[in-house]
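Q: One file is attached below, run.json, containing JSON, C-alpha atoms (C1' of nucleotides).
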[["chain", "number", "residue", "atom", "x", "y", "z"],
["A", 1, "MET", "CA", -33.08, 2.25, 4.64],
["A", 2, "ARG", "CA", -30.59, 4.93, 3.93],
["A", 3, "ALA", "CA", -27.13, 4.76, 2.52],
["A", 4, "VAL", "CA", -24.50, 4.10, 5.12],
["A", 5, "ARG", "CA", -21.41, 6.19, 4.77],
["A", 6, "HIS", "CA", -18.73, 3.72, 3.90],
["A", 7, "VAL", "CA", -15.72, 4.52, 5.99],
["A", 8, "LYS", "CA", -12.88, 2.26, 5.09],
["A", 9, "LYS", "CA", -10.05, 2.17, 7.53],
["A", 10, "ARG", "CA", -6.80, 2.80, 5.80],
["A", 11, "SER", "CA", -4.64, -0.26, 6.06],
["A", 12, "SER", "CA", -2.28, 0.66, 8.85],
["A", 13, "ARG", "CA", 1.38, 0.60, 8.12],
["A", 14, "PRO", "CA", 3.24, -2.43, 9.40],
["A", 15, "THR", "CA", 5.57, -0.83, 11.89],
["A", 16, "GLU", "CA", 8.50, -2.79, 10.67],
["A", 17, "ASP", "CA", 8.30, -1.44, 7.12],
["A", 18, "VAL", "CA", 11.81, -0.56, 6.00],
["A", 19, "PHE", "CA", 10.64, 1.59, 3.09],
["A", 20, "TYR", "CA", 8.72, 3.75, 5.51],
["A", 21, "ALA", "CA", 11.61, 3.93, 7.95],
["A", 22, "ILE", "CA", 14.07, 5.31, 5.43],
["A", 23, "ALA", "CA", 11.60, 7.77, 3.91],
["A", 24, "ASP", "CA", 12.42, 10.35, 6.56],
["A", 25, "PRO", "CA", 15.60, 12.38, 5.97],
["A", 26, "THR", "CA", 16.37, 12.65, 9.68],
["A", 27, "ARG", "CA", 16.29, 8.88, 10.01],
["A", 28, "ARG", "CA", 18.58, 8.51, 7.01],
["A", 29, "GLY", "CA", 20.90, 10.99, 8.70],
["A", 30, "LEU", "CA", 20.88, 8.86, 11.83],
["A", 31, "LEU", "CA", 21.75, 5.74, 9.86],
["A", 32, "ASP", "CA", 24.55, 7.66, 8.23],
["A", 33, "LEU", "CA", 26.03, 8.69, 11.58],
["A", 34, "LEU", "CA", 25.67, 5.17, 12.92],
["A", 35, "SER", "CA", 27.40, 3.63, 9.93],
["A", 36, "GLU", "CA", 30.67, 4.97, 11.34],
["A", 37, "ARG", "CA", 30.38, 3.76, 14.91],
["A", 38, "GLU", "CA", 27.86, 3.24, 17.68],
["A", 39, "GLU", "CA", 26.68, 6.44, 19.35],
["A", 40, "SER", "CA", 24.69, 7.63, 22.34],
["A", 41, "VAL", "CA", 21.33, 9.33, 22.04],
["A", 42, "ASN", "CA", 22.70, 12.61, 23.33],
["A", 43, "PHE", "CA", 25.45, 12.62, 20.78],
["A", 44, "LEU", "CA", 22.98, 11.93, 17.98],
["A", 45, "ALA", "CA", 20.53, 14.56, 19.24],
["A", 46, "GLY", "CA", 23.34, 17.10, 19.19],
["A", 47, "ARG", "CA", 23.69, 16.62, 15.45],
["A", 48, "PHE", "CA", 20.14, 17.62, 14.57],
["A", 49, "ALA", "CA", 18.10, 20.76, 15.09],
["A", 50, "MET", "CA", 15.47, 19.05, 17.16],
["A", 51, "SER", "CA", 14.88, 17.88, 20.71],
["A", 52, "ARG", "CA", 16.25, 14.70, 22.22],
["A", 53, "PRO", "CA", 12.82, 13.06, 22.53],
["A", 54, "ALA", "CA", 12.26, 13.61, 18.82],
["A", 55, "ILE", "CA", 15.49, 11.77, 18.07],
["A", 56, "SER", "CA", 14.52, 9.10, 20.56],
["A", 57, "GLN", "CA", 11.29, 8.57, 18.65],
["A", 58, "HIS", "CA", 13.09, 8.36, 15.33],
["A", 59, "LEU", "CA", 15.41, 5.77, 16.85],
["A", 60, "GLY", "CA", 12.31, 3.90, 17.97],
["A", 61, "VAL", "CA", 11.12, 3.69, 14.38],
["A", 62, "LEU", "CA", 14.53, 2.49, 13.25],
["A", 63, "LEU", "CA", 14.51, -0.08, 16.04],
["A", 64, "GLN", "CA", 11.14, -1.44, 14.95],
["A", 65, "ALA", "CA", 12.44, -1.73, 11.42],
["A", 66, "ARG", "CA", 15.47, -3.52, 12.90],
["A", 67, "LEU", "CA", 17.76, -1.04, 11.19],
["A", 68, "VAL", "CA", 19.52, -0.30, 14.49],
["A", 69, "ARG", "CA", 20.26, -2.18, 17.67],
["A", 70, "ALA", "CA", 20.78, -0.74, 21.15],
["A", 71, "ARG", "CA", 22.78, -1.70, 24.20],
["A", 72, "ARG", "CA", 23.35, -0.11, 27.57],
["A", 73, "VAL", "CA", 26.75, 1.24, 28.48],
["A", 74, "GLY", "CA", 26.70, 2.75, 31.93],
["A", 75, "ARG", "CA", 23.82, 5.16, 31.89],
["A", 76, "GLU", "CA", 24.08, 5.68, 28.19],
["A", 77, "ARG", "CA", 22.29, 3.75, 25.53],
["A", 78, "ARG", "CA", 24.41, 3.15, 22.46],
["A", 79, "TYR", "CA", 22.81, 2.60, 19.10],
["A", 80, "ARG", "CA", 24.51, 0.84, 16.25],
["A", 81, "LEU", "CA", 23.62, 0.15, 12.66],
["A", 82, "ASN", "CA", 22.11, -3.13, 11.55],
["A", 83, "PRO", "CA", 22.36, -2.90, 7.76],
["A", 84, "ARG", "CA", 20.70, -6.21, 6.98],
["A", 85, "PRO", "CA", 17.09, -5.04, 6.44],
["A", 86, "LEU", "CA", 18.40, -2.66, 3.77],
["A", 87, "GLU", "CA", 18.89, -5.70, 1.63],
["A", 88, "GLU", "CA", 15.17, -5.58, 0.95],
["A", 89, "ILE", "CA", 15.56, -2.11, -0.53],
["A", 90, "HIS", "CA", 18.59, -3.23, -2.45],
["A", 91, "ASP", "CA", 16.80, -6.20, -3.96],
["A", 92, "TRP", "CA", 13.77, -4.14, -4.84],
["A", 93, "VAL", "CA", 15.74, -1.46, -6.63],
["A", 94, "ALA", "CA", 18.00, -4.00, -8.30],
["A", 95, "HIS", "CA", 15.02, -5.22, -10.28],
["A", 96, "TYR", "CA", 14.70, -1.77, -11.82],
["A", 97, "GLU", "CA", 18.41, -1.29, -12.33],
["A", 98, "GLN", "CA", 18.29, -3.21, -15.61],
["A", 99, "PHE", "CA", 15.83, -0.68, -17.01],
["A", 100, "TRP", "CA", 18.00, 2.38, -16.66],
["A", 101, "LYS", "CA", 21.11, 0.42, -17.60],
["A", 102, "TRP", "CA", 19.33, -0.76, -20.72],
["A", 103, "LYS", "CA", 18.23, 2.78, -21.51],
["A", 104, "LEU", "CA", 21.81, 3.95, -21.27],
["A", 105, "GLY", "CA", 22.89, 1.20, -23.62],
["A", 106, "ALA", "CA", 20.14, 1.99, -26.10],
["A", 107, "LEU", "CA", 21.11, 5.65, -26.04],
["A", 108, "GLY", "CA", 24.71, 4.74, -26.69],
["A", 109, "GLU", "CA", 23.76, 2.60, -29.67],
["A", 110, "HIS", "CA", 21.49, 5.29, -30.99],
["A", 111, "LEU", "CA", 24.26, 7.89, -30.84],
["A", 112, "GLY", "CA", 26.62, 5.40, -32.38],
["A", 113, "LYS", "CA", 24.34, 4.91, -35.35],
["A", 114, "LYS", "CA", 23.84, 8.61, -35.85],
["A", 115, "LYS", "CA", 27.52, 9.22, -35.98],
["B", 1, "MET", "CA", 4.07, 40.13, 28.66],
["B", 2, "ARG", "CA", 3.25, 36.53, 28.47],
["B", 3, "ALA", "CA", 5.04, 33.63, 26.93],
["B", 4, "VAL", "CA", 4.27, 33.13, 23.28],
["B", 5, "ARG", "CA", 3.69, 29.55, 22.29],
["B", 6, "HIS", "CA", 6.48, 28.68, 19.94],
["B", 7, "VAL", "CA", 4.96, 26.97, 16.96],
["B", 8, "LYS", "CA", 7.63, 25.84, 14.61],
["B", 9, "LYS", "CA", 6.46, 24.91, 11.18],
["B", 10, "ARG", "CA", 7.75, 21.52, 10.19],
["B", 11, "SER", "CA", 9.99, 21.74, 7.16],
["B", 12, "SER", "CA", 7.72, 20.67, 4.34],
["B", 13, "ARG", "CA", 8.68, 17.70, 2.28],
["B", 14, "PRO", "CA", 10.17, 18.43, -1.10],
["B", 15, "THR", "CA", 7.54, 17.03, -3.42],
["B", 16, "GLU", "CA", 10.08, 15.44, -5.68],
["B", 17, "ASP", "CA", 11.57, 13.25, -2.94],
["B", 18, "VAL", "CA", 12.04, 9.77, -4.36],
["B", 19, "PHE", "CA", 12.41, 8.15, -0.94],
["B", 20, "TYR", "CA", 8.99, 9.46, 0.00],
["B", 21, "ALA", "CA", 7.45, 8.42, -3.31],
["B", 22, "ILE", "CA", 8.46, 4.77, -2.97],
["B", 23, "ALA", "CA", 7.50, 4.53, 0.69],
["B", 24, "ASP", "CA", 3.88, 3.76, -0.20],
["B", 25, "PRO", "CA", 3.16, 0.15, -1.17],
["B", 26, "THR", "CA", 0.46, 1.14, -3.68],
["B", 27, "ARG", "CA", 2.93, 3.35, -5.50],
["B", 28, "ARG", "CA", 5.49, 0.55, -5.57],
["B", 29, "GLY", "CA", 2.77, -1.65, -7.01],
["B", 30, "LEU", "CA", 2.14, 0.91, -9.71],
["B", 31, "LEU", "CA", 5.81, 1.07, -10.61],
["B", 32, "ASP", "CA", 5.84, -2.70, -10.77],
["B", 33, "LEU", "CA", 2.94, -2.77, -13.23],
["B", 34, "LEU", "CA", 4.49, -0.03, -15.30],
["B", 35, "SER", "CA", 7.82, -1.79, -15.53],
["B", 36, "GLU", "CA", 6.21, -4.20, -17.99],
["B", 37, "ARG", "CA", 4.60, -1.72, -20.36],
["B", 38, "GLU", "CA", 2.79, 1.60, -20.40],
["B", 39, "GLU", "CA", -0.75, 1.50, -19.06],
["B", 40, "SER", "CA", -3.87, 3.63, -18.84],
["B", 41, "VAL", "CA", -5.21, 4.97, -15.58],
["B", 42, "ASN", "CA", -8.32, 2.83, -15.78],
["B", 43, "PHE", "CA", -6.29, -0.30, -16.23],
["B", 44, "LEU", "CA", -4.12, 0.57, -13.26],
["B", 45, "ALA", "CA", -7.09, 1.48, -11.08],
["B", 46, "GLY", "CA", -8.61, -1.91, -11.86],
["B", 47, "ARG", "CA", -5.66, -3.58, -10.21],
["B", 48, "PHE", "CA", -6.11, -1.99, -6.81],
["B", 49, "ALA", "CA", -8.90, -1.96, -4.27],
["B", 50, "MET", "CA", -9.36, 1.78, -4.35],
["B", 51, "SER", "CA", -11.02, 4.42, -6.46],
["B", 52, "ARG", "CA", -9.66, 5.78, -9.72],
["B", 53, "PRO", "CA", -9.04, 9.25, -8.28],
["B", 54, "ALA", "CA", -6.93, 7.70, -5.55],
["B", 55, "ILE", "CA", -4.77, 6.03, -8.17],
["B", 56, "SER", "CA", -4.66, 9.27, -10.11],
["B", 57, "GLN", "CA", -3.29, 11.00, -7.05],
["B", 58, "HIS", "CA", -0.67, 8.32, -6.51],
["B", 59, "LEU", "CA", 0.35, 8.74, -10.13],
["B", 60, "GLY", "CA", 0.63, 12.46, -9.46],
["B", 61, "VAL", "CA", 3.14, 11.79, -6.70],
["B", 62, "LEU", "CA", 5.12, 9.48, -8.97],
["B", 63, "LEU", "CA", 5.03, 12.14, -11.68],
["B", 64, "GLN", "CA", 6.42, 14.77, -9.33],
["B", 65, "ALA", "CA", 9.19, 12.39, -8.35],
["B", 66, "ARG", "CA", 9.77, 11.88, -12.10],
["B", 67, "LEU", "CA", 9.38, 8.13, -11.62],
["B", 68, "VAL", "CA", 6.75, 7.99, -14.36],
["B", 69, "ARG", "CA", 5.95, 9.93, -17.51],
["B", 70, "ALA", "CA", 2.56, 10.35, -19.18],
["B", 71, "ARG", "CA", 1.35, 10.84, -22.72],
["B", 72, "ARG", "CA", -2.07, 11.15, -24.28],
["B", 73, "VAL", "CA", -3.34, 8.40, -26.55],
["B", 74, "GLY", "CA", -6.82, 9.22, -27.77],
["B", 75, "ARG", "CA", -8.78, 9.95, -24.66],
["B", 76, "GLU", "CA", -6.57, 7.78, -22.54],
["B", 77, "ARG", "CA", -3.53, 8.87, -20.63],
["B", 78, "ARG", "CA", -0.78, 6.29, -20.69],
["B", 79, "TYR", "CA", 1.80, 6.20, -17.95],
["B", 80, "ARG", "CA", 5.17, 4.61, -18.31],
["B", 81, "LEU", "CA", 8.07, 3.98, -15.97],
["B", 82, "ASN", "CA", 11.03, 6.30, -15.79],
["B", 83, "PRO", "CA", 13.50, 4.29, -13.71],
["B", 84, "ARG", "CA", 16.26, 6.87, -13.63],
["B", 85, "PRO", "CA", 15.45, 8.59, -10.29],
["B", 86, "LEU", "CA", 15.71, 5.18, -8.62],
["B", 87, "GLU", "CA", 19.41, 5.48, -9.13],
["B", 88, "GLU", "CA", 19.45, 7.77, -6.10],
["B", 89, "ILE", "CA", 18.00, 4.97, -3.98],
["B", 90, "HIS", "CA", 20.42, 2.52, -5.49],
["B", 91, "ASP", "CA", 23.43, 4.71, -4.74],
["B", 92, "TRP", "CA", 22.27, 5.39, -1.22],
["B", 93, "VAL", "CA", 21.77, 1.75, -0.36],
["B", 94, "ALA", "CA", 24.97, 0.72, -2.13],
["B", 95, "HIS", "CA", 26.91, 2.62, 0.50],
["B", 96, "TYR", "CA", 25.48, 0.32, 3.14],
["B", 97, "GLU", "CA", 25.84, -2.82, 1.10],
["B", 98, "GLN", "CA", 29.48, -3.18, 2.14],
["B", 99, "PHE", "CA", 28.42, -3.40, 5.77],
["B", 100, "TRP", "CA", 26.19, -6.43, 5.46],
["B", 101, "LYS", "CA", 28.56, -8.02, 2.96],
["B", 102, "TRP", "CA", 31.38, -7.52, 5.40],
["B", 103, "LYS", "CA", 29.30, -8.99, 8.20],
["B", 104, "LEU", "CA", 28.65, -12.05, 6.11],
["B", 105, "GLY", "CA", 32.38, -12.39, 5.48],
["B", 106, "ALA", "CA", 33.19, -12.00, 9.16],
["B", 107, "LEU", "CA", 30.64, -14.64, 10.04],
["B", 108, "GLY", "CA", 32.16, -16.99, 7.50],
["B", 109, "GLU", "CA", 35.63, -16.48, 8.94],
["B", 110, "HIS", "CA", 34.34, -16.97, 12.43],
["B", 111, "LEU", "CA", 32.69, -20.25, 11.52],
["B", 112, "GLY", "CA", 35.82, -21.26, 9.66],
["B", 113, "LYS", "CA", 37.92, -20.74, 12.76],
["B", 114, "LYS", "CA", 35.55, -22.64, 14.97],
["B", 115, "LYS", "CA", 35.66, -25.62, 12.71],
["C", 1, "DT", "C1'", 21.55, 8.95, 50.44],
["C", 2, "DT", "C1'", 21.22, 12.68, 47.53],
["C", 3, "DG", "C1'", 21.82, 14.85, 43.33],
["C", 4, "DA", "C1'", 22.82, 14.97, 38.48],
["C", 5, "DC", "C1'", 22.65, 12.95, 34.16],
["C", 6, "DA", "C1'", 20.92, 9.74, 30.23],
["C", 7, "DG", "C1'", 17.13, 8.66, 27.98],
["C", 8, "DG", "C1'", 12.40, 6.56, 27.41],
["C", 9, "DT", "C1'", 7.41, 7.75, 27.31],
["C", 10, "DA", "C1'", 2.90, 10.28, 27.63],
["C", 11, "DA", "C1'", 0.09, 14.03, 26.16],
["C", 12, "DG", "C1'", -0.96, 17.39, 23.04],
["C", 13, "DC", "C1'", -0.57, 20.08, 18.95],
["C", 14, "DA", "C1'", -0.15, 21.43, 13.80],
["C", 15, "DC", "C1'", 0.21, 19.56, 9.69],
["C", 16, "DT", "C1'", 0.16, 15.86, 6.19],
["C", 17, "DA", "C1'", -1.26, 11.60, 3.75],
["C", 18, "DG", "C1'", -4.50, 8.89, 1.78],
["C", 19, "DC", "C1'", -8.70, 8.03, 0.90],
["C", 20, "DT", "C1'", -13.68, 9.25, -0.54],
["C", 21, "DT", "C1'", -17.52, 11.62, -3.50],
["C", 22, "DA", "C1'", -18.70, 15.25, -6.61],
["C", 23, "DC", "C1'", -17.74, 17.70, -10.45],
["C", 24, "DG", "C1'", -15.25, 19.71, -14.58],
["C", 25, "DT", "C1'", -12.97, 19.06, -19.13],
["C", 26, "DA", "C1'", -11.06, 16.93, -23.26],
["C", 27, "DT", "C1'", -11.65, 13.43, -26.69],
["C", 28, "DA", "C1'", -14.25, 9.88, -29.30],
["C", 29, "DA", "C1'", -18.50, 7.79, -30.78],
["C", 30, "DA", "C1'", -23.42, 8.03, -32.24],
["D", 1, "DT", "C1'", -24.67, 18.04, -31.81],
["D", 2, "DT", "C1'", -25.33, 15.10, -28.28],
["D", 3, "DT", "C1'", -23.76, 11.54, -25.39],
["D", 4, "DA", "C1'", -20.46, 8.54, -23.38],
["D", 5, "DT", "C1'", -15.78, 7.75, -21.84],
["D", 6, "DA", "C1'", -11.23, 8.76, -19.62],
["D", 7, "DC", "C1'", -9.26, 11.36, -16.59],
["D", 8, "DG", "C1'", -7.96, 15.23, -13.54],
["D", 9, "DT", "C1'", -9.04, 18.11, -9.55],
["D", 10, "DA", "C1'", -11.49, 20.15, -5.58],
["D", 11, "DA", "C1'", -13.40, 19.51, -1.09],
["D", 12, "DG", "C1'", -13.73, 17.14, 2.96],
["D", 13, "DC", "C1'", -12.92, 13.59, 6.32],
["D", 14, "DT", "C1'", -9.97, 10.38, 9.35],
["D", 15, "DA", "C1'", -5.94, 8.75, 10.97],
["D", 16, "DG", "C1'", -1.06, 9.11, 11.16],
["D", 17, "DT", "C1'", 3.47, 11.77, 11.51],
["D", 18, "DG", "C1'", 6.66, 14.61, 13.54],
["D", 19, "DC", "C1'", 7.45, 17.61, 16.59],
["D", 20, "DT", "C1'", 7.06, 19.85, 21.37],
["D", 21, "DT", "C1'", 7.05, 20.03, 26.76],
["D", 22, "DA", "C1'", 6.49, 17.55, 31.00],
["D", 23, "DC", "C1'", 7.46, 13.77, 33.58],
["D", 24, "DC", "C1'", 9.38, 9.25, 34.87],
["D", 25, "DT", "C1'", 12.96, 5.62, 35.74],
["D", 26, "DG", "C1'", 17.66, 3.78, 35.91],
["D", 27, "DT", "C1'", 22.53, 4.60, 36.73],
["D", 28, "DC", "C1'", 26.69, 6.94, 38.33],
["D", 29, "DA", "C1'", 29.04, 10.40, 41.38],
["D", 30, "DA", "C1'", 29.52, 12.96, 45.68]]
Take the structure from the file and write it as structure tokens.
A:
Amino acid sequence: MRAVRHVKKRSSRPTEDVFYAIADPTRRGLLDLLSEREESVNFLAGRFAMSRPAISQHLGVLLQARLVRARRVGRERRYRLNPRPLEEIHDWVAHYEQFWKWKLGALGEHLGKKK
Amino acid sequence: MRAVRHVKKRSSRPTEDVFYAIADPTRRGLLDLLSEREESVNFLAGRFAMSRPAISQHLGVLLQARLVRARRVGRERRYRLNPRPLEEIHDWVAHYEQFWKWKLGALGEHLGKKK
DNA sequence: TTGACAGGTAAGCACTAGCTTACGTATAAA
DNA sequence: TTTATACGTAAGCTAGTGCTTACCTGTCAA
């Protein structure tokens, strides 16, 4: 009876994870462009130094995270921002906001005392 | 003269990227634990279903992103939260906050009219 | 109809991320 | 001094990411 190599499968990312979706700078760039107005895939692809399919795949990730929505217009497909899931990020970071705000305050007091 | 396969090296991630650092749920868990008080590596490792070296590596990523700081205490190494870099996330998401707030407002108006 | 255009999707590749076990090193305890 | 503890780091493996090119389908224009 020999030791069995224990191969644990890494817990696969839930495809709708917003934190994962915004980790990529290209995807943040896409969100930025789409915050102005809805845009076609070709337009978006023209703004980045990579192929159209690559952009299409990034948009797929954003779609799964529900950060964008798509609709057909003629033979184009227009993507637009759906900001709502970003609220999760906002809420998460808001919990930590107090800590750096507090630090700032403590520093201010400290300097005040020294003076 | 034959075609040379064009292998473009993907632009490597800047190791200090805060968006990348917080994309992993284990690392967010670590930040959460450290927001209470400073903790040793062993304590932290005890809170997750993975080996101590794995946690050590996650802490390394958080260190590079400057999200935590470490100090020696005896033979322990205590990590503590440094919330400041999260301000970048906060500022980024704040730009989008207006959009979902506005949407909420528009929905309210719409419902108001219907009534 | 036929052709051109928009864009999704499959296949394949290099590289990276996230884990493991094994080992090295600094500090404390015996 | 020796031994135990806390931790980092190296090596190695698997699966996932981010790109590419090739190909397909749906829509408009001629």
Q: What gap, in Å, lies between CA of Gly60 (chain A) and CA of Glu87 (chain B)?
A: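 So the two atoms, CA of Gly60 (chain A) and CA of Glu87 (chain B), lie 28.1 Å apart.
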Q: Can you work out which one of B:Leu31, B:Gly46, B:Thr15, B:Ser51 has the shortest atom-to-atom distance to DT21 (chain C), counting all atoms listed in the file?
A: B:Ser51
Q: What does the structure give for the distance between CA of Glu88 (chain A) and CA of Trp102 (chain A), in Å to one decimal?
A: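 Calculated distance between CA of Glu88 (chain A) and CA of Trp102 (chain A) is 22.6 Å.
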Q: Counting all atoms listed in the file, a student should be able to say which residues of chain C come within 12 Å of chain B; what is the right answer, written as a ChimeraX atom specification?
A: /C:13-22,25-29
Q: Nearest to chain B: which of D:DT9, D:DT14, D:DT27, D:DT1 is it, counting all atoms listed in the file?
A: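 Among D:DT9, D:DT14, D:DT27, D:DT1, it is D:DT9 that comes nearest to chain B.
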Q: List every protein, DNA or RNA residue that has at least one atom no more than 12 Å from (3.4, 2.8, -22.9) in the file's coordinates, counting all atoms listed in the file, and write the result as number ranges by chain.
A: B: 33-41, 68-73, 76-82
Q: Choose the residue, out of D:DC19, D:DA10, D:DA4, D:DC24, that has the smallest atom-to-atom separation from DG24 (chain C); count all atoms listed in the file.
A: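 For DG24 (chain C), the nearest of the given residues is D:DA10.
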Q: Write out as CSV a residue-level contact list of chain D versus chain B with cut-off 10 Å: for each qualifying residue the closest pair of atoms and the distance in Å to one decimal, counting only C-alpha atoms (C1' of nucleotides), rows sorted by chain and residue number upward.
A:
residue,atom,partner,partner_atom,distance
D:DT5,C1',B:Arg75,CA,7.9
D:DA6,C1',B:Glu76,CA,5.6
D:DC7,C1',B:Arg77,CA,7.4
D:DG8,C1',B:Ser56,CA,7.6
D:DT9,C1',B:Pro53,CA,9.0
D:DG18,C1',B:Arg10,CA,7.8
D:DC19,C1',B:Arg10,CA,7.5
D:DT20,C1',B:Val7,CA,8.6
Q: Counting all atoms listed in the file, which residues of chain B sit at most 8 Å from some atom of chain A, and what is each one's closest atom pair with its distance in Å to one decimal, listed by chain and rising residue number, as JSON lines?
A:
{"residue": "B:Phe19", "atom": "CA", "partner": "A:Ala23", "partner_atom": "CA", "distance": 4.9}
{"residue": "B:Tyr20", "atom": "CA", "partner": "A:Ala23", "partner_atom": "CA", "distance": 5.0}
{"residue": "B:Ile22", "atom": "CA", "partner": "A:Phe19", "partner_atom": "CA", "distance": 7.2}
{"residue": "B:Ala23", "atom": "CA", "partner": "A:Phe19", "partner_atom": "CA", "distance": 4.9}
{"residue": "B:Asp24", "atom": "CA", "partner": "A:Tyr20", "partner_atom": "CA", "distance": 7.5}
{"residue": "B:Ser35", "atom": "CA", "partner": "A:Tyr96", "partner_atom": "CA", "distance": 7.8}
{"residue": "B:Pro83", "atom": "CA", "partner": "A:Trp100", "partner_atom": "CA", "distance": 5.7}
{"residue": "B:Arg84", "atom": "CA", "partner": "A:Trp100", "partner_atom": "CA", "distance": 5.7}
{"residue": "B:Leu86", "atom": "CA", "partner": "A:Val93", "partner_atom": "CA", "distance": 6.9}
{"residue": "B:Glu87", "atom": "CA", "partner": "A:Glu97", "partner_atom": "CA", "distance": 7.6}
{"residue": "B:Ile89", "atom": "CA", "partner": "A:Val93", "partner_atom": "CA", "distance": 7.3}
{"residue": "B:His90", "atom": "CA", "partner": "A:Val93", "partner_atom": "CA", "distance": 6.2}
{"residue": "B:Val93", "atom": "CA", "partner": "A:His90", "partner_atom": "CA", "distance": 6.3}
{"residue": "B:Ala94", "atom": "CA", "partner": "A:His90", "partner_atom": "CA", "distance": 7.5}
{"residue": "B:Tyr96", "atom": "CA", "partner": "A:Pro83", "partner_atom": "CA", "distance": 6.4}
{"residue": "B:Glu97", "atom": "CA", "partner": "A:Pro83", "partner_atom": "CA", "distance": 7.5}
{"residue": "B:Phe99", "atom": "CA", "partner": "A:Pro83", "partner_atom": "CA", "distance": 6.4}
{"residue": "B:Trp100", "atom": "CA", "partner": "A:Pro83", "partner_atom": "CA", "distance": 5.7}
Q: Using C1' of DA6 (chain C) and C1' of DG26 (chain D) as the two end points, give the distance in Å to one decimal.
A: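 One can read the C1' of DA6 (chain C) to C1' of DG26 (chain D) distance as 8.9 Å.
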Q: Counting all atoms listed in the file, I want the residues whose atoms come within 10 Å of (3.3, 11.3, 26.8) in the file frame, returned as a list in words.
A: DT9, DA10, DA11 and DG12 of chain C; DT21, DA22 and DC23 of chain D
Q: The centre and edge lengths of an axis-aligned box containing all atoms of region 10-28 of chain C present in the file, extended by 5 Å on each side, are to be given in Å to one decimal, as JSON.
A:
{"center_x": -7.9, "center_y": 14.7, "center_z": -0.8, "size_x": 31.6, "size_y": 23.4, "size_z": 66.9}
